[in-house]
file start31.cif (mmCIF, C-alpha atoms)
data_data
loop_
_atom_site.group_PDB
_atom_site.id
_atom_site.type_symbol
_atom_site.label_atom_id
_atom_site.label_comp_id
_atom_site.auth_asym_id
_atom_site.auth_seq_id
_atom_site.Cartn_x
_atom_site.Cartn_y
_atom_site.Cartn_z
ATOM 1 C CA MET A 1 136.615 27.624 58.410
ATOM 2 C CA LEU A 2 136.642 26.935 62.159
ATOM 3 C CA GLU A 3 140.413 27.497 62.247
ATOM 4 C CA PHE A 4 139.981 30.822 60.430
ATOM 5 C CA TYR A 5 137.565 32.150 63.055
ATOM 6 C CA GLY A 6 139.578 30.573 65.856
ATOM 7 C CA TYR A 7 142.667 32.418 64.687
ATOM 8 C CA TRP A 8 141.031 35.826 64.453
ATOM 9 C CA ILE A 9 139.117 35.516 67.726
ATOM 10 C CA SER A 10 142.121 34.284 69.715
ATOM 11 C CA THR A 11 144.434 36.848 68.104
ATOM 12 C CA ALA A 12 141.987 39.688 68.762
ATOM 13 C CA LEU A 13 141.524 38.657 72.397
ATOM 14 C CA LEU A 14 145.282 38.276 72.909
ATOM 15 C CA SER A 15 145.817 41.720 71.387
ATOM 16 C CA VAL A 16 143.137 43.246 73.614
ATOM 17 C CA LEU A 17 144.766 41.618 76.657
ATOM 18 C CA TYR A 18 148.167 43.064 75.755
ATOM 19 C CA LEU A 19 146.923 46.510 74.736
ATOM 20 C CA ALA A 20 144.807 46.783 77.906
ATOM 21 C CA SER A 21 147.851 45.808 79.924
ATOM 22 C CA ALA A 22 149.946 48.456 78.143
ATOM 23 C CA TYR A 23 147.236 51.031 78.879
ATOM 24 C CA MET A 24 147.249 50.047 82.544
ATOM 25 C CA TYR A 25 151.056 50.234 82.645
ATOM 26 C CA ALA A 26 150.896 53.744 81.156
ATOM 27 C CA THR A 27 148.069 55.130 83.308
ATOM 28 C CA ARG A 28 148.673 53.409 86.657
ATOM 29 C CA ARG A 29 152.463 53.489 86.790
ATOM 30 C CA GLN A 30 152.819 53.649 90.563
ATOM 31 C CA TRP A 31 150.493 50.678 91.111
ATOM 32 C CA VAL A 32 152.338 48.691 88.429
ATOM 33 C CA ARG A 33 155.715 49.509 89.979
ATOM 34 C CA GLU A 34 154.490 48.341 93.382
ATOM 35 C CA ALA A 35 153.079 45.136 91.901
ATOM 36 C CA LEU A 36 156.332 44.408 90.081
ATOM 37 C CA THR A 37 158.324 45.141 93.241
ATOM 38 C CA GLU A 38 156.192 42.563 95.092
ATOM 39 C CA LEU A 39 157.244 40.050 92.440
ATOM 40 C CA GLY A 40 160.894 40.903 93.057
ATOM 41 C CA TYR A 41 161.580 43.092 90.021
ATOM 42 C CA SER A 42 163.224 46.511 90.025
ATOM 43 C CA ALA A 43 160.648 48.334 87.969
ATOM 44 C CA ASN A 44 162.185 51.771 87.494
ATOM 45 C CA ASN A 45 163.357 51.087 83.938
ATOM 46 C CA LEU A 46 161.161 48.075 83.225
ATOM 47 C CA VAL A 47 157.775 49.810 82.980
ATOM 48 C CA PRO A 48 158.447 52.085 79.953
ATOM 49 C CA PHE A 49 160.104 49.210 78.100
ATOM 50 C CA MET A 50 157.160 46.899 78.812
ATOM 51 C CA ILE A 51 154.672 49.491 77.548
ATOM 52 C CA ILE A 52 156.491 49.584 74.213
ATOM 53 C CA VAL A 53 156.766 45.795 73.980
ATOM 54 C CA LYS A 54 153.113 45.262 74.914
ATOM 55 C CA VAL A 55 152.065 47.561 72.064
ATOM 56 C CA LEU A 56 154.531 46.408 69.399
ATOM 57 C CA GLY A 57 153.950 42.657 69.932
ATOM 58 C CA PRO A 58 150.272 42.658 68.933
ATOM 59 C CA ILE A 59 150.976 45.128 66.117
ATOM 60 C CA ALA A 60 153.611 42.768 64.673
ATOM 61 C CA ILE A 61 151.218 39.816 64.866
ATOM 62 C CA LEU A 62 148.182 41.639 63.489
ATOM 63 C CA SER A 63 149.964 43.502 60.692
ATOM 64 C CA ARG A 64 152.202 40.579 59.767
ATOM 65 C CA VAL A 65 154.401 42.743 57.586
ATOM 66 C CA SER A 66 157.047 40.069 58.072
ATOM 67 C CA VAL A 67 156.437 36.424 58.982
ATOM 68 C CA PRO A 68 159.742 36.127 60.905
ATOM 69 C CA LEU A 69 158.906 39.293 62.853
ATOM 70 C CA SER A 70 155.441 37.958 63.625
ATOM 71 C CA ASP A 71 156.898 34.640 64.799
ATOM 72 C CA LEU A 72 159.417 36.543 66.925
ATOM 73 C CA ALA A 73 156.539 38.484 68.503
ATOM 74 C CA TYR A 74 154.779 35.184 69.265
ATOM 75 C CA ALA A 75 157.967 33.895 70.924
ATOM 76 C CA GLY A 76 158.426 37.078 72.954
ATOM 77 C CA ILE A 77 154.831 37.040 74.139
ATOM 78 C CA PHE A 78 155.142 33.331 74.989
ATOM 79 C CA PHE A 79 158.177 33.884 77.190
ATOM 80 C CA HIS A 80 156.662 36.990 78.776
ATOM 81 C CA LEU A 81 153.456 35.139 79.694
ATOM 82 C CA LEU A 82 155.334 32.078 80.909
ATOM 83 C CA LEU A 83 157.681 34.106 83.107
ATOM 84 C CA SER A 84 154.840 36.296 84.363
ATOM 85 C CA GLY A 85 152.816 33.287 85.443
ATOM 86 C CA LEU A 86 155.831 31.653 87.085
ATOM 87 C CA ALA A 87 156.676 34.889 88.927
ATOM 88 C CA HIS A 88 153.197 34.977 90.472
ATOM 89 C CA ILE A 89 153.384 31.322 91.407
ATOM 90 C CA GLY A 90 156.886 31.889 92.828
ATOM 91 C CA VAL A 91 155.603 34.460 95.323
ATOM 92 C CA ARG A 92 152.665 32.222 96.204
ATOM 93 C CA LYS A 93 150.016 34.309 94.436
ATOM 94 C CA PRO A 94 148.620 31.807 91.923
ATOM 95 C CA VAL A 95 145.517 33.911 91.246
ATOM 96 C CA GLY A 96 147.815 36.520 89.711
ATOM 97 C CA ALA A 97 148.963 33.890 87.210
ATOM 98 C CA LEU A 98 145.442 33.486 85.789
ATOM 99 C CA PRO A 99 145.750 36.251 83.139
ATOM 100 C CA ALA A 100 149.030 34.690 82.000
ATOM 101 C CA ALA A 101 147.366 31.269 81.715
ATOM 102 C CA VAL A 102 144.514 32.736 79.675
ATOM 103 C CA GLY A 103 147.031 34.606 77.531
ATOM 104 C CA LEU A 104 149.030 31.415 76.934
ATOM 105 C CA ALA A 105 145.878 29.589 75.799
ATOM 106 C CA LEU A 106 145.012 32.438 73.415
ATOM 107 C CA LEU A 107 148.597 32.595 72.169
ATOM 108 C CA LEU A 108 148.732 28.866 71.485
ATOM 109 C CA SER A 109 145.414 28.973 69.631
ATOM 110 C CA SER A 110 146.481 31.994 67.573
ATOM 111 C CA PHE A 111 149.893 30.575 66.728
ATOM 112 C CA MET A 112 148.678 27.107 65.762
ATOM 113 C CA THR A 113 145.883 28.387 63.495
ATOM 114 C CA GLN A 114 147.722 31.275 61.817
ATOM 115 C CA ASN A 115 148.498 29.341 58.624
ATOM 116 C CA ASP A 116 144.786 28.669 58.113
ATOM 117 C CA ALA A 117 143.958 32.376 58.193
ATOM 118 C CA ARG A 118 146.990 34.031 56.593
ATOM 119 C CA ASP A 119 148.236 34.007 53.002
ATOM 120 C CA VAL A 120 151.932 33.611 53.812
ATOM 121 C CA PRO A 121 152.454 30.546 56.047
ATOM 122 C CA SER A 122 154.754 30.390 59.013
ATOM 123 C CA PRO A 123 157.379 27.688 58.567
ATOM 124 C CA TYR A 124 157.268 26.859 62.284
ATOM 125 C CA ILE A 125 153.694 25.583 62.175
ATOM 126 C CA GLN A 126 154.614 22.990 59.556
ATOM 127 C CA ALA A 127 157.545 21.893 61.732
ATOM 128 C CA ALA A 128 155.309 21.651 64.810
ATOM 129 C CA ALA A 129 152.742 19.527 62.938
ATOM 130 C CA LEU A 130 155.306 16.829 62.083
#

call {"tool": "encode", "arguments": {"input": "start31.cif", "output": "structure tokens"}}
result
Amino acid sequence: MLEFYGYWISTALLSVLYLASAYMYATRRQWVREALTELGYSANNLVPFMIIVKVLGPIAILSRVSVPLSDLAYAGIFFHLLLSGLAHIGVRKPVGALPAAVGLALLLSSFMTQNDARDVPSPYIQAAAL
């Protein structure tokens, strides 16, 4: 029962983090572009793409219309958070990596407890438990 609640709480918080980030990307575009430029990214084409990804990732995980698609969304979010945190550390702004660290903790909790809360299990959790 603890895993069930852990899954839904961590998944909801991760989704809120990503959807709030997508909202910020959509409403404060100039600020986001400047922040990404400080990290060394050319953000002209990156921002619209990231808005779409930050919305579709949580939708794929929450709806779970397809287990492989959900697992792919987990992988994409993992790499995004990892690279985001490393980018902030790389420019010597470790405080900026804090949301990524929180997101990684939520992602790990959500991913590892998904089989306890969902009807169709992910085959990758069984492989990770071995």

call {"tool": "residues_around", "arguments": {"input": "start31.cif", "residues": "Tyr7 in chain A", "least_positions_apart": "4", "cutoff": "12 Å", "atoms": "only C-alpha atoms", "output": "ChimeraX atom specification"}}
result
/A:1-3,11-15,61-62,105-118

call {"tool": "resolve_selection", "arguments": {"input": "start31.cif", "expression": "the PyMOL selection byres ((chain A and resi 67) around 12)", "output": "NGL selection string"}}
result
:A and (60-66 or 68-74 or 111 or 114-115 or 118-125)

call {"tool": "atom_distance", "arguments": {"input": "start31.cif", "atom1": "CA of Ala101 in chain A", "atom2": "CA of Gly85 in chain A"}}
result
6.9 Å

call {"tool": "atom_distance", "arguments": {"input": "start31.cif", "atom1": "CA of Ala97 in chain A", "atom2": "CA of Asn45 in chain A"}}
result
22.7 Å

call {"tool": "resolve_selection", "arguments": {"input": "start31.cif", "expression": "the PyMOL selection byres ((chain A and resi 23) around 12)", "output": "list in words"}}
result
Val16, Leu17, Tyr18, Leu19, Ala20, Ser21, Ala22, Met24, Tyr25, Ala26, Thr27, Arg28, Arg29, Val32, Val47, Pro48, Met50, Ile51, Ile52, Val53, Lys54 and Val55 of chain A

call {"tool": "write_last_selection", "arguments": {"input": "start31.cif", "atoms": "C-alpha atoms", "output": "PDB file, in the coordinates of the input"}}
result
ATOM      1  CA  VAL A  16     143.137  43.246  73.614  1.00  0.00           C
ATOM      2  CA  LEU A  17     144.766  41.618  76.657  1.00  0.00           C
ATOM      3  CA  TYR A  18     148.167  43.064  75.755  1.00  0.00           C
ATOM      4  CA  LEU A  19     146.923  46.510  74.736  1.00  0.00           C
ATOM      5  CA  ALA A  20     144.807  46.783  77.906  1.00  0.00           C
ATOM      6  CA  SER A  21     147.851  45.808  79.924  1.00  0.00           C
ATOM      7  CA  ALA A  22     149.946  48.456  78.143  1.00  0.00           C
ATOM      8  CA  MET A  24     147.249  50.047  82.544  1.00  0.00           C
ATOM      9  CA  TYR A  25     151.056  50.234  82.645  1.00  0.00           C
ATOM     10  CA  ALA A  26     150.896  53.744  81.156  1.00  0.00           C
ATOM     11  CA  THR A  27     148.069  55.130  83.308  1.00  0.00           C
ATOM     12  CA  ARG A  28     148.673  53.409  86.657  1.00  0.00           C
ATOM     13  CA  ARG A  29     152.463  53.489  86.790  1.00  0.00           C
ATOM     14  CA  VAL A  32     152.338  48.691  88.429  1.00  0.00           C
ATOM     15  CA  VAL A  47     157.775  49.810  82.980  1.00  0.00           C
ATOM     16  CA  PRO A  48     158.447  52.085  79.953  1.00  0.00           C
ATOM     17  CA  MET A  50     157.160  46.899  78.812  1.00  0.00           C
ATOM     18  CA  ILE A  51     154.672  49.491  77.548  1.00  0.00           C
ATOM     19  CA  ILE A  52     156.491  49.584  74.213  1.00  0.00           C
ATOM     20  CA  VAL A  53     156.766  45.795  73.980  1.00  0.00           C
ATOM     21  CA  LYS A  54     153.113  45.262  74.914  1.00  0.00           C
ATOM     22  CA  VAL A  55     152.065  47.561  72.064  1.00  0.00           C
TER      23      VAL A  55
END

call {"tool": "atom_distance", "arguments": {"input": "start31.cif", "atom1": "CA of Leu98 in chain A", "atom2": "CA of Phe78 in chain A"}}
result
14.5 Å

call {"tool": "residues_near_point", "arguments": {"input": "start31.cif", "point": "(155.6, 37.1, 87.2)", "cutoff": "10 Å", "atoms": "only C-alpha atoms", "output": "short mmCIF file (atom, residue, chain, number, x, y, z; two decimals) with C-alpha atoms, keeping the file's coordinate frame"}}
result
data_model
loop_
_atom_site.label_atom_id
_atom_site.label_comp_id
_atom_site.auth_asym_id
_atom_site.auth_seq_id
_atom_site.Cartn_x
_atom_site.Cartn_y
_atom_site.Cartn_z
CA ALA A 35 153.08 45.14 91.90
CA LEU A 36 156.33 44.41 90.08
CA GLU A 38 156.19 42.56 95.09
CA LEU A 39 157.24 40.05 92.44
CA GLY A 40 160.89 40.90 93.06
CA TYR A 41 161.58 43.09 90.02
CA HIS A 80 156.66 36.99 78.78
CA LEU A 81 153.46 35.14 79.69
CA LEU A 82 155.33 32.08 80.91
CA LEU A 83 157.68 34.11 83.11
CA SER A 84 154.84 36.30 84.36
CA GLY A 85 152.82 33.29 85.44
CA LEU A 86 155.83 31.65 87.08
CA ALA A 87 156.68 34.89 88.93
CA HIS A 88 153.20 34.98 90.47
CA ILE A 89 153.38 31.32 91.41
CA GLY A 90 156.89 31.89 92.83
CA VAL A 91 155.60 34.46 95.32
CA LYS A 93 150.02 34.31 94.44
CA PRO A 94 148.62 31.81 91.92
CA GLY A 96 147.82 36.52 89.71
CA ALA A 97 148.96 33.89 87.21
CA ALA A 100 149.03 34.69 82.00
#

call {"tool": "decode", "arguments": {"input": "start31.cif", "residues": "range 59-73 of chain A", "atoms": "all heavy atoms", "output": "PDB file, in the first residue's frame"}}
result
ATOM      1  N   ILE A  59       2.061  13.331 -19.696  1.00  0.00           N
ATOM      2  CA  ILE A  59       0.821  12.747 -20.221  1.00  0.00           C
ATOM      3  C   ILE A  59       1.037  11.266 -20.535  1.00  0.00           C
ATOM      4  O   ILE A  59       0.182  10.423 -20.225  1.00  0.00           O
ATOM      5  CB  ILE A  59       0.335  13.519 -21.464  1.00  0.00           C
ATOM      6  CG1 ILE A  59      -0.205  14.881 -21.049  1.00  0.00           C
ATOM      7  CG2 ILE A  59      -0.725  12.734 -22.219  1.00  0.00           C
ATOM      8  CD1 ILE A  59      -0.564  15.796 -22.198  1.00  0.00           C
ATOM      9  N   ALA A  60       2.174  10.930 -21.137  1.00  0.00           N
ATOM     10  CA  ALA A  60       2.459   9.527 -21.463  1.00  0.00           C
ATOM     11  C   ALA A  60       2.572   8.678 -20.199  1.00  0.00           C
ATOM     12  O   ALA A  60       2.102   7.540 -20.168  1.00  0.00           O
ATOM     13  CB  ALA A  60       3.746   9.427 -22.278  1.00  0.00           C
ATOM     14  N   ILE A  61       3.168   9.235 -19.160  1.00  0.00           N
ATOM     15  CA  ILE A  61       3.320   8.476 -17.909  1.00  0.00           C
ATOM     16  C   ILE A  61       1.980   8.338 -17.192  1.00  0.00           C
ATOM     17  O   ILE A  61       1.628   7.253 -16.726  1.00  0.00           O
ATOM     18  CB  ILE A  61       4.367   9.144 -17.008  1.00  0.00           C
ATOM     19  CG1 ILE A  61       5.754   8.990 -17.631  1.00  0.00           C
ATOM     20  CG2 ILE A  61       4.344   8.541 -15.603  1.00  0.00           C
ATOM     21  CD1 ILE A  61       6.847   9.775 -16.944  1.00  0.00           C
ATOM     22  N   LEU A  62       1.232   9.423 -17.101  1.00  0.00           N
ATOM     23  CA  LEU A  62      -0.035   9.379 -16.372  1.00  0.00           C
ATOM     24  C   LEU A  62      -1.100   8.560 -17.102  1.00  0.00           C
ATOM     25  O   LEU A  62      -1.834   7.800 -16.465  1.00  0.00           O
ATOM     26  CB  LEU A  62      -0.549  10.800 -16.126  1.00  0.00           C
ATOM     27  CG  LEU A  62       0.219  11.611 -15.093  1.00  0.00           C
ATOM     28  CD1 LEU A  62      -0.239  13.058 -15.113  1.00  0.00           C
ATOM     29  CD2 LEU A  62       0.051  11.011 -13.705  1.00  0.00           C
ATOM     30  N   SER A  63      -1.187   8.706 -18.406  1.00  0.00           N
ATOM     31  CA  SER A  63      -2.229   7.988 -19.151  1.00  0.00           C
ATOM     32  C   SER A  63      -1.876   6.521 -19.335  1.00  0.00           C
ATOM     33  O   SER A  63      -2.746   5.666 -19.331  1.00  0.00           O
ATOM     34  CB  SER A  63      -2.465   8.635 -20.510  1.00  0.00           C
ATOM     35  OG  SER A  63      -1.342   8.443 -21.344  1.00  0.00           O
ATOM     36  N   ARG A  64      -0.612   6.260 -19.521  1.00  0.00           N
ATOM     37  CA  ARG A  64      -0.081   4.909 -19.711  1.00  0.00           C
ATOM     38  C   ARG A  64      -0.901   4.115 -20.732  1.00  0.00           C
ATOM     39  O   ARG A  64      -1.267   2.964 -20.500  1.00  0.00           O
ATOM     40  CB  ARG A  64       0.003   4.169 -18.396  1.00  0.00           C
ATOM     41  CG  ARG A  64       0.914   2.960 -18.501  1.00  0.00           C
ATOM     42  CD  ARG A  64       1.471   2.602 -17.202  1.00  0.00           C
ATOM     43  NE  ARG A  64       2.276   1.414 -17.303  1.00  0.00           N
ATOM     44  CZ  ARG A  64       2.947   0.918 -16.316  1.00  0.00           C
ATOM     45  NH1 ARG A  64       2.909   1.510 -15.167  1.00  0.00           N
ATOM     46  NH2 ARG A  64       3.659  -0.152 -16.470  1.00  0.00           N
ATOM     47  N   VAL A  65      -1.164   4.745 -21.859  1.00  0.00           N
ATOM     48  CA  VAL A  65      -1.866   4.050 -22.928  1.00  0.00           C
ATOM     49  C   VAL A  65      -1.002   2.941 -23.513  1.00  0.00           C
ATOM     50  O   VAL A  65      -1.522   1.987 -24.091  1.00  0.00           O
ATOM     51  CB  VAL A  65      -2.312   5.015 -24.045  1.00  0.00           C
ATOM     52  CG1 VAL A  65      -3.364   5.970 -23.542  1.00  0.00           C
ATOM     53  CG2 VAL A  65      -1.134   5.770 -24.620  1.00  0.00           C
ATOM     54  N   SER A  66       0.298   3.064 -23.331  1.00  0.00           N
ATOM     55  CA  SER A  66       1.244   2.063 -23.805  1.00  0.00           C
ATOM     56  C   SER A  66       2.396   1.998 -22.803  1.00  0.00           C
ATOM     57  O   SER A  66       3.003   3.022 -22.488  1.00  0.00           O
ATOM     58  CB  SER A  66       1.762   2.462 -25.187  1.00  0.00           C
ATOM     59  OG  SER A  66       2.908   1.739 -25.525  1.00  0.00           O
ATOM     60  N   VAL A  67       2.691   0.798 -22.317  1.00  0.00           N
ATOM     61  CA  VAL A  67       3.787   0.647 -21.353  1.00  0.00           C
ATOM     62  C   VAL A  67       5.123   1.021 -21.981  1.00  0.00           C
ATOM     63  O   VAL A  67       5.905   1.747 -21.361  1.00  0.00           O
ATOM     64  CB  VAL A  67       3.807  -0.780 -20.754  1.00  0.00           C
ATOM     65  CG1 VAL A  67       5.030  -0.980 -19.875  1.00  0.00           C
ATOM     66  CG2 VAL A  67       2.539  -1.035 -19.956  1.00  0.00           C
ATOM     67  N   PRO A  68       5.429   0.587 -23.218  1.00  0.00           N
ATOM     68  CA  PRO A  68       6.697   1.019 -23.822  1.00  0.00           C
ATOM     69  C   PRO A  68       6.791   2.541 -23.985  1.00  0.00           C
ATOM     70  O   PRO A  68       7.850   3.119 -23.778  1.00  0.00           O
ATOM     71  CB  PRO A  68       6.723   0.316 -25.174  1.00  0.00           C
ATOM     72  CG  PRO A  68       5.856  -0.882 -24.996  1.00  0.00           C
ATOM     73  CD  PRO A  68       4.780  -0.447 -24.049  1.00  0.00           C
ATOM     74  N   LEU A  69       5.689   3.188 -24.339  1.00  0.00           N
ATOM     75  CA  LEU A  69       5.698   4.638 -24.471  1.00  0.00           C
ATOM     76  C   LEU A  69       5.925   5.305 -23.117  1.00  0.00           C
ATOM     77  O   LEU A  69       6.682   6.273 -22.998  1.00  0.00           O
ATOM     78  CB  LEU A  69       4.390   5.127 -25.095  1.00  0.00           C
ATOM     79  CG  LEU A  69       4.276   6.630 -25.315  1.00  0.00           C
ATOM     80  CD1 LEU A  69       5.332   7.099 -26.313  1.00  0.00           C
ATOM     81  CD2 LEU A  69       2.884   6.982 -25.794  1.00  0.00           C
ATOM     82  N   SER A  70       5.296   4.778 -22.090  1.00  0.00           N
ATOM     83  CA  SER A  70       5.489   5.297 -20.741  1.00  0.00           C
ATOM     84  C   SER A  70       6.946   5.133 -20.302  1.00  0.00           C
ATOM     85  O   SER A  70       7.545   6.053 -19.746  1.00  0.00           O
ATOM     86  CB  SER A  70       4.558   4.570 -19.772  1.00  0.00           C
ATOM     87  OG  SER A  70       4.796   4.958 -18.450  1.00  0.00           O
ATOM     88  N   ASP A  71       7.516   3.962 -20.562  1.00  0.00           N
ATOM     89  CA  ASP A  71       8.921   3.736 -20.197  1.00  0.00           C
ATOM     90  C   ASP A  71       9.855   4.634 -21.006  1.00  0.00           C
ATOM     91  O   ASP A  71      10.873   5.105 -20.495  1.00  0.00           O
ATOM     92  CB  ASP A  71       9.292   2.268 -20.381  1.00  0.00           C
ATOM     93  CG  ASP A  71       8.691   1.379 -19.307  1.00  0.00           C
ATOM     94  OD1 ASP A  71       8.265   1.902 -18.253  1.00  0.00           O
ATOM     95  OD2 ASP A  71       8.637   0.147 -19.518  1.00  0.00           O
ATOM     96  N   LEU A  72       9.499   4.900 -22.256  1.00  0.00           N
ATOM     97  CA  LEU A  72      10.285   5.824 -23.072  1.00  0.00           C
ATOM     98  C   LEU A  72      10.204   7.242 -22.505  1.00  0.00           C
ATOM     99  O   LEU A  72      11.201   7.969 -22.482  1.00  0.00           O
ATOM    100  CB  LEU A  72       9.792   5.801 -24.516  1.00  0.00           C
ATOM    101  CG  LEU A  72      10.544   6.693 -25.496  1.00  0.00           C
ATOM    102  CD1 LEU A  72      11.993   6.248 -25.624  1.00  0.00           C
ATOM    103  CD2 LEU A  72       9.861   6.666 -26.848  1.00  0.00           C
ATOM    104  N   ALA A  73       9.039   7.634 -22.021  1.00  0.00           N
ATOM    105  CA  ALA A  73       8.883   8.950 -21.397  1.00  0.00           C
ATOM    106  C   ALA A  73       9.731   9.034 -20.127  1.00  0.00           C
ATOM    107  O   ALA A  73      10.375  10.058 -19.871  1.00  0.00           O
ATOM    108  CB  ALA A  73       7.417   9.219 -21.073  1.00  0.00           C
TER     109      ALA A  73
END
